[in-house]
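Novice: Dropping in work35.txt, which is compact mmCIF, C-alpha atoms:
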# COMPACT_ATOMS: atom_id res chain seq x y z
CA MET P 1172 21.92 -2.84 -30.85
CA GLY P 1173 19.53 -5.38 -29.30
CA ARG P 1174 15.80 -5.19 -29.64
CA ARG P 1175 14.04 -3.29 -26.87
CA PRO P 1176 11.97 -5.43 -24.49
CA ALA P 1177 8.24 -5.16 -25.21
CA VAL P 1178 5.54 -4.55 -22.59
CA LEU P 1179 1.79 -4.68 -23.13
CA VAL P 1180 -0.09 -2.22 -20.92
CA ILE P 1181 -3.76 -2.97 -20.23
CA ALA P 1182 -5.23 0.11 -18.55
CA GLY P 1183 -7.54 3.11 -18.74
CA SER P 1184 -6.77 6.55 -20.11
CA ASP P 1185 -6.64 9.67 -17.93
CA SER P 1186 -7.43 12.92 -19.71
CA SER P 1187 -5.32 14.90 -17.22
CA GLY P 1188 -2.22 12.89 -18.16
CA GLY P 1189 -1.36 12.32 -14.50
CA ALA P 1190 -2.06 8.61 -14.31
CA GLY P 1191 -3.28 5.67 -16.34
CA ILE P 1192 -1.95 4.70 -19.71
CA VAL P 1193 -0.38 8.11 -20.40
CA ARG P 1194 1.81 7.68 -17.33
CA ASP P 1195 2.53 4.04 -18.22
CA LEU P 1196 3.73 4.88 -21.71
CA ARG P 1197 5.90 7.72 -20.42
CA VAL P 1198 7.59 5.36 -17.94
CA LEU P 1199 8.21 2.67 -20.55
CA ALA P 1200 9.72 5.27 -22.89
CA ASP P 1201 12.01 6.46 -20.11
CA LEU P 1202 13.13 2.88 -19.49
CA GLU P 1203 13.61 2.18 -23.20
CA ALA P 1204 10.93 -0.50 -23.41
CA HIS P 1205 8.70 -0.88 -26.45
CA ALA P 1206 5.07 -0.30 -25.40
CA LEU P 1207 1.87 -1.82 -26.73
CA CYS P 1208 -1.49 -0.96 -25.24
CA ALA P 1209 -5.04 -2.18 -24.73
CA ILE P 1210 -7.33 0.55 -23.40
CA THR P 1211 -10.04 -0.60 -20.99
CA ALA P 1212 -11.75 2.71 -20.28
CA VAL P 1213 -11.66 6.37 -21.23
CA THR P 1214 -11.90 8.69 -18.24
CA ALA P 1215 -12.42 12.44 -17.99
CA GLN P 1216 -10.41 13.59 -14.97
CA THR P 1217 -8.75 16.56 -13.41
CA HIS P 1218 -6.12 16.18 -10.72
CA GLY P 1219 -8.91 16.38 -8.13
CA GLU P 1220 -11.99 14.79 -9.66
CA VAL P 1221 -13.24 12.00 -11.92
CA VAL P 1222 -15.84 13.67 -14.15
CA GLY P 1223 -16.84 10.70 -16.27
CA ILE P 1224 -15.92 7.15 -17.34
CA HIS P 1225 -16.68 5.32 -20.57
CA HIS P 1226 -15.91 1.60 -20.37
CA ILE P 1227 -14.60 0.13 -23.62
CA PRO P 1228 -16.78 -2.84 -24.74
CA PRO P 1229 -15.21 -6.08 -23.41
CA ASP P 1230 -15.03 -7.64 -26.88
CA LEU P 1231 -12.90 -4.71 -28.06
CA VAL P 1232 -10.65 -4.98 -24.99
CA ARG P 1233 -10.17 -8.67 -25.77
CA ALA P 1234 -9.42 -7.89 -29.42
CA GLN P 1235 -6.81 -5.28 -28.48
CA ILE P 1236 -4.99 -7.81 -26.30
CA LEU P 1237 -5.11 -10.61 -28.87
CA THR P 1238 -3.81 -8.39 -31.67
CA ALA P 1239 -1.02 -7.08 -29.43
CA LEU P 1240 -0.03 -10.66 -28.66
CA ASP P 1241 0.08 -11.35 -32.41
CA THR P 1242 2.14 -8.22 -33.13
CA THR P 1243 5.38 -8.97 -31.33
CA SER P 1244 7.00 -11.14 -28.69
CA LEU P 1245 6.17 -9.66 -25.28
CA GLY P 1246 8.52 -9.58 -22.32
CA ALA P 1247 5.86 -8.62 -19.76
CA ILE P 1248 2.27 -7.48 -19.33
CA LYS P 1249 1.15 -4.71 -16.97
CA ILE P 1250 -2.53 -4.57 -15.95
CA GLY P 1251 -3.98 -1.42 -14.39
CA MET P 1252 -7.54 -0.05 -14.38
CA LEU P 1253 -10.16 -2.59 -15.43
CA GLY P 1254 -13.42 -0.99 -14.34
CA THR P 1255 -15.95 -3.81 -14.52
CA ALA P 1256 -16.30 -7.54 -13.98
CA ALA P 1257 -17.02 -8.01 -17.69
CA THR P 1258 -13.71 -6.34 -18.58
CA VAL P 1259 -11.85 -8.49 -16.05
CA ARG P 1260 -13.30 -11.59 -17.67
CA ALA P 1261 -12.39 -10.36 -21.16
CA VAL P 1262 -8.80 -9.71 -20.08
CA ALA P 1263 -8.52 -13.10 -18.35
CA ASP P 1264 -9.86 -14.87 -21.43
CA ALA P 1265 -7.39 -13.12 -23.75
CA LEU P 1266 -4.20 -13.57 -21.72
CA PRO P 1267 -1.82 -16.45 -22.53
CA ARG P 1268 -2.57 -19.44 -20.32
CA ASN P 1269 0.88 -21.01 -20.23
CA GLY P 1270 2.36 -18.43 -17.84
CA SER P 1271 5.20 -17.68 -20.23
CA ILE P 1272 4.81 -13.88 -19.96
CA PRO P 1273 5.21 -12.32 -16.49
CA ILE P 1274 2.19 -10.24 -15.47
CA VAL P 1275 2.30 -7.24 -13.13
CA LEU P 1276 -1.19 -6.69 -11.71
CA ASP P 1277 -1.81 -3.25 -10.20
CA PRO P 1278 -5.24 -3.48 -8.51
CA VAL P 1279 -6.58 -0.02 -9.33
CA LEU P 1280 -9.71 0.34 -7.18
CA LEU P 1281 -10.09 4.09 -6.61
CA SER P 1282 -8.76 7.27 -8.17
CA SER P 1283 -6.66 9.60 -6.03
CA SER P 1284 -9.78 11.74 -5.64
CA GLY P 1285 -11.89 8.79 -4.47
CA GLY P 1286 -13.72 7.84 -7.68
CA VAL P 1287 -14.52 4.12 -7.99
CA LEU P 1288 -12.44 2.56 -10.78
CA LEU P 1289 -13.32 -1.12 -10.19
CA ASP P 1290 -16.72 -2.26 -8.96
CA GLU P 1291 -17.24 -4.93 -6.29
CA ALA P 1292 -18.02 -7.69 -8.78
CA GLY P 1293 -14.90 -6.73 -10.70
CA ARG P 1294 -12.77 -7.00 -7.57
CA ALA P 1295 -14.00 -10.52 -6.93
CA GLU P 1296 -13.32 -11.52 -10.54
CA MET P 1297 -9.87 -9.95 -10.42
CA LEU P 1298 -8.89 -11.91 -7.33
CA ALA P 1299 -10.29 -15.14 -8.75
CA ARG P 1300 -9.13 -14.93 -12.37
CA LEU P 1301 -6.16 -12.54 -12.61
CA ALA P 1302 -4.34 -12.61 -9.26
CA PRO P 1303 -3.45 -16.33 -9.62
CA ARG P 1304 -1.68 -15.49 -12.90
CA ALA P 1305 0.31 -12.51 -11.58
CA ALA P 1306 4.06 -12.61 -11.18
CA VAL P 1307 3.69 -9.50 -8.99
CA LEU P 1308 0.57 -8.02 -7.38
CA THR P 1309 1.15 -4.37 -6.39
CA PRO P 1310 -1.53 -2.98 -4.03
CA ASN P 1311 -1.02 0.07 -1.86
CA VAL P 1312 -2.11 0.02 1.79
CA PRO P 1313 -5.75 1.10 1.19
CA GLU P 1314 -6.10 -1.31 -1.76
CA ALA P 1315 -4.67 -4.22 0.21
CA ALA P 1316 -7.03 -3.48 3.10
CA SER P 1317 -10.02 -3.35 0.77
CA LEU P 1318 -9.10 -6.59 -0.97
CA CYS P 1319 -8.54 -8.31 2.39
CA GLY P 1320 -11.71 -6.91 3.97
CA ALA P 1321 -9.62 -5.38 6.76
CA SER P 1322 -8.57 -2.02 8.17
CA PRO P 1323 -5.52 -0.34 6.58
CA ALA P 1324 -2.33 -1.87 7.93
CA ALA P 1325 -0.63 0.36 10.48
CA SER P 1326 2.24 -1.89 11.55
CA PRO P 1327 4.76 -4.25 9.95
CA GLU P 1328 2.84 -7.18 11.41
CA ALA P 1329 -0.40 -6.03 9.78
CA LEU P 1330 1.37 -5.47 6.45
CA MET P 1331 2.76 -8.99 6.64
CA ALA P 1332 -0.64 -10.49 7.47
CA GLN P 1333 -2.35 -8.76 4.56
CA ALA P 1334 0.46 -9.61 2.14
CA ARG P 1335 0.11 -13.28 3.14
CA THR P 1336 -3.64 -13.10 2.58
CA LEU P 1337 -3.11 -11.66 -0.91
CA LEU P 1338 -0.41 -14.22 -1.65
CA SER P 1339 -2.99 -16.92 -0.92
CA THR P 1340 -4.87 -15.82 -4.07
CA GLY P 1341 -2.17 -17.60 -6.06
CA ALA P 1342 -0.04 -14.60 -7.05
CA ARG P 1343 3.64 -15.55 -7.13
CA SER P 1344 4.62 -12.41 -5.22
CA VAL P 1345 3.04 -9.36 -3.58
CA LEU P 1346 4.60 -5.92 -3.36
CA LEU P 1347 2.56 -4.14 -0.69
CA LYS P 1348 3.39 -0.45 -1.09
CA GLY P 1349 3.75 1.63 2.05
CA GLY P 1350 3.54 5.10 0.55
CA HIS P 1351 0.18 5.73 2.24
CA GLY P 1352 1.60 4.92 5.66
CA ALA P 1353 3.06 7.23 8.29
CA GLY P 1354 6.56 7.99 9.50
CA PRO P 1355 9.73 9.32 7.89
CA GLN P 1356 10.30 6.16 5.81
CA ALA P 1357 8.07 4.75 3.06
CA VAL P 1358 8.45 1.00 3.53
CA ASP P 1359 7.27 -1.52 0.94
CA LEU P 1360 6.98 -5.23 1.63
CA LEU P 1361 7.90 -7.74 -1.07
CA LEU P 1362 6.63 -11.19 -0.18
CA ALA P 1363 6.99 -14.15 -2.51
CA SER P 1364 5.60 -17.65 -2.35
CA GLU P 1365 9.15 -18.81 -1.63
CA GLY P 1366 11.89 -17.05 0.34
CA ALA P 1367 12.05 -14.54 3.16
CA PRO P 1368 10.13 -11.24 3.18
CA ILE P 1369 12.04 -8.26 1.78
CA TRP P 1370 11.51 -4.74 3.14
CA LEU P 1371 12.25 -1.89 0.74
CA SER P 1372 12.64 1.44 2.51
CA SER P 1373 13.12 4.99 1.23
CA PRO P 1374 12.62 8.48 2.66
CA ARG P 1375 8.99 9.56 2.55
CA MET P 1376 8.55 12.42 0.07
CA GLU P 1377 6.59 15.54 0.92
CA GLY P 1378 3.42 16.29 -1.03
CA GLN P 1379 1.52 14.07 -3.43
CA CYS P 1380 1.99 13.04 -7.03
CA ARG P 1381 -0.67 11.23 -9.03
CA GLY P 1382 0.27 8.18 -11.04
CA THR P 1383 3.03 6.83 -8.83
CA GLY P 1384 1.33 3.43 -8.58
CA CYS P 1385 0.98 3.25 -12.37
CA ALA P 1386 4.61 4.28 -12.75
CA LEU P 1387 5.89 1.71 -10.27
CA ALA P 1388 3.99 -1.18 -11.83
CA SER P 1389 5.07 -0.21 -15.35
CA ALA P 1390 8.68 0.13 -14.24
CA ILE P 1391 8.52 -3.34 -12.66
CA ALA P 1392 7.10 -4.71 -15.92
CA ALA P 1393 9.94 -3.06 -17.87
CA GLY P 1394 12.46 -4.70 -15.56
CA LEU P 1395 10.88 -8.14 -15.88
CA ALA P 1396 10.68 -7.74 -19.66
CA GLY P 1397 14.41 -7.02 -19.66
CA GLY P 1398 15.13 -10.23 -17.76
CA ALA P 1399 15.48 -8.92 -14.18
CA SER P 1400 14.34 -10.96 -11.20
CA VAL P 1401 11.22 -9.83 -9.34
CA GLU P 1402 13.32 -8.43 -6.48
CA ALA P 1403 15.69 -6.57 -8.81
CA ALA P 1404 12.79 -5.22 -10.87
CA CYS P 1405 10.98 -3.97 -7.75
CA ARG P 1406 14.12 -2.32 -6.36
CA ALA P 1407 14.88 -0.57 -9.64
CA ALA P 1408 11.24 0.52 -10.03
CA LYS P 1409 11.22 2.05 -6.57
CA GLN P 1410 14.34 4.01 -7.44
CA TYR P 1411 12.74 5.16 -10.67
CA VAL P 1412 9.68 6.49 -8.84
CA LEU P 1413 11.88 8.27 -6.30
CA SER P 1414 13.72 9.98 -9.15
CA MET P 1415 10.37 10.90 -10.70
CA LEU P 1416 9.43 12.57 -7.41
CA GLY P 1417 12.70 14.51 -7.39
CA ALA P 1418 14.57 12.51 -4.76
Would you put the structure from the file into structure tokens?

Specialist:
Amino acid sequence: MGRRPAVLVIAGSDSSGGAGIVRDLRVLADLEAHALCAITAVTAQTHGEVVGIHHIPPDLVRAQILTALDTTSLGAIKIGMLGTAATVRAVADALPRNGSIPIVLDPVLLSSSGGVLLDEAGRAEMLARLAPRAAVLTPNVPEAASLCGASPAASPEALMAQARTLLSTGARSVLLKGGHGAGPQAVDLLLASEGAPIWLSSPRMEGQCRGTGCALASAIAAGLAGGASVEAACRAAKQYVLSMLGA
């Protein structure tokens, strides 16, 4: 039996278990990937409200990452909630600089209930220091709009324009998730620095489920760690999330 691919998750905890590192670790277990973690923040949440956030000191975040890198050979890194500019800088300083490990960057800006999970200074640092090192950047429609300083995309043309703007940060590919859009199909756009745009469509599911963005990014990381291409990893991750939602 071969060794399971290893993924380092850098993210915050969610006391409700619906999102954050609890969701990430559950996904990686489902996909038979070995998980390591670096916790950036401890949050007190319900499914409808962020009650409190404690940001882990940046030096400790950096130490968690460095010791994880020393523990085993990683196949991928998934980055979720960061919280502050200081944490973004700590993460950027600790990551390998040779680009040998693919990074999935999920730009977690707000909780599902609207709580701010990355401040403005942190967003600027993330775009400047982490996005250029990402193999895949995975914003949803509201996150992409916020990062682009634009209104939420409401057409394929607007999705394409915002994906191109985000690609200009230096990320090697952008998966702009269409789950917050309208219509019977949830359409994601995968745009890479080379090649034609790829549209990934699935039936839109009724209701809401927290943690789908965390799950998708972690599933992509598991795929990349196992040797899949970005396109194959994104397709498989989308199918995983659909199965999680009961499709």

Novice: Would you mind reading off the distance between CA of Gln1216 in chain P and CA of Gly1382 in chain P, one decimal, in Å?

Specialist: 12.6 Å

Novice: With all atoms listed in the file as the atoms that count, which of P:Ser1271, P:Ser1389, P:Ser1400, P:Thr1217 lies nearest to Ala1204 in chain P?

Specialist: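 Smallest separation from Ala1204 in chain P among the options: P:Ser1389.
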
Novice: CA of Ile1248 in chain P and CA of Tyr1411 in chain P are how many Å apart?

Specialist: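 So the two atoms, CA of Ile1248 in chain P and CA of Tyr1411 in chain P, lie 18.6 Å apart.
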
Novice: Go through P:Leu1253, P:Ser1326, P:Leu1371, P:Ala1261 one by one, measure the shortest atom-to-atom distance of each to Arg1294 in chain P using all atoms listed in the file, and give the residue with the smallest value.

Specialist: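 Counting all atoms listed in the file, the residue closest to Arg1294 in chain P is P:Leu1253.
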
Novice: Just to confirm, what's the straight-line distance from CA of Asp1290 in chain P to CA of Ile1224 in chain P in Å (one decimal)?

Specialist: 12.6 Å

Novice: Using all atoms listed in the file, pick whichever of P:Arg1260, P:Lys1249, P:Arg1343, P:Lys1409 has the shortest atom-to-atom distance to Asp1195 in chain P.

Specialist: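 Once distances to Asp1195 in chain P are computed over all atoms listed in the file, the minimum belongs to P:Lys1249.
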
Novice: Starting from the point (5.7, -6.8, -23.8), work out which residues of protein, DNA or RNA have an atom no more than 9 Å away when counting all atoms listed in the file; state them as a list in words.

Specialist: Pro1176, Ala1177, Val1178, Leu1179, Val1180, Ala1204, His1205, Ala1206, Leu1207, Ala1239, Leu1240, Thr1243, Ser1244, Leu1245, Gly1246, Ala1247, Ile1248, Lys1249, Ile1272, Ala1392, Ala1393 and Ala1396 of chain P

Novice: Show me, as number ranges by chain, the residues that have an atom within 12 Å of Leu1237 in chain P when counting all atoms listed in the file, minus same-chain residues fewer than 2 positions from it.

Specialist: P: 1179, 1181, 1207-1209, 1230-1235, 1239-1243, 1245, 1261-1267

Novice: Determine the nearest neighbour of Cys1385 in chain P from the options P:Ser1364, P:Ser1322, P:Ser1184, P:Ser1373, counting all atoms listed in the file.

Specialist: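 Going through P:Ser1364, P:Ser1322, P:Ser1184, P:Ser1373 one by one, the smallest distance to Cys1385 in chain P is for P:Ser1184.
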
Novice: From the options P:Gly1223, P:Pro1313, P:Pro1228, P:Pro1368, which residue's atoms come nearest to Leu1281 in chain P, counting all atoms listed in the file?

Specialist: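 Closest to Leu1281 in chain P, using all atoms listed in the file: P:Pro1313.
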
Novice: Using all atoms listed in the file, which of the listed residues (P:Ala1295, P:Leu1199, P:Cys1319, P:Ala1332) sits closest to Gly1394 in chain P?

Specialist: P:Leu1199

Novice: Skipping near chain neighbours, those fewer than 5 positions away, what residues fall within 10 Å of Arg1197 in chain P using only C-alpha atoms, listed as a compact mmCIF listing (two decimals) with C-alpha atoms, keeping the file's coordinate frame?

Specialist:
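Saved file around-v9.txt follows:
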# COMPACT_ATOMS: atom_id res chain seq x y z
CA GLY P 1188 -2.22 12.89 -18.16
CA ILE P 1192 -1.95 4.70 -19.71
CA LEU P 1202 13.13 2.88 -19.49
CA GLU P 1203 13.61 2.18 -23.20
CA ALA P 1206 5.07 -0.30 -25.40
CA ALA P 1386 4.61 4.28 -12.75
CA SER P 1389 5.07 -0.21 -15.35
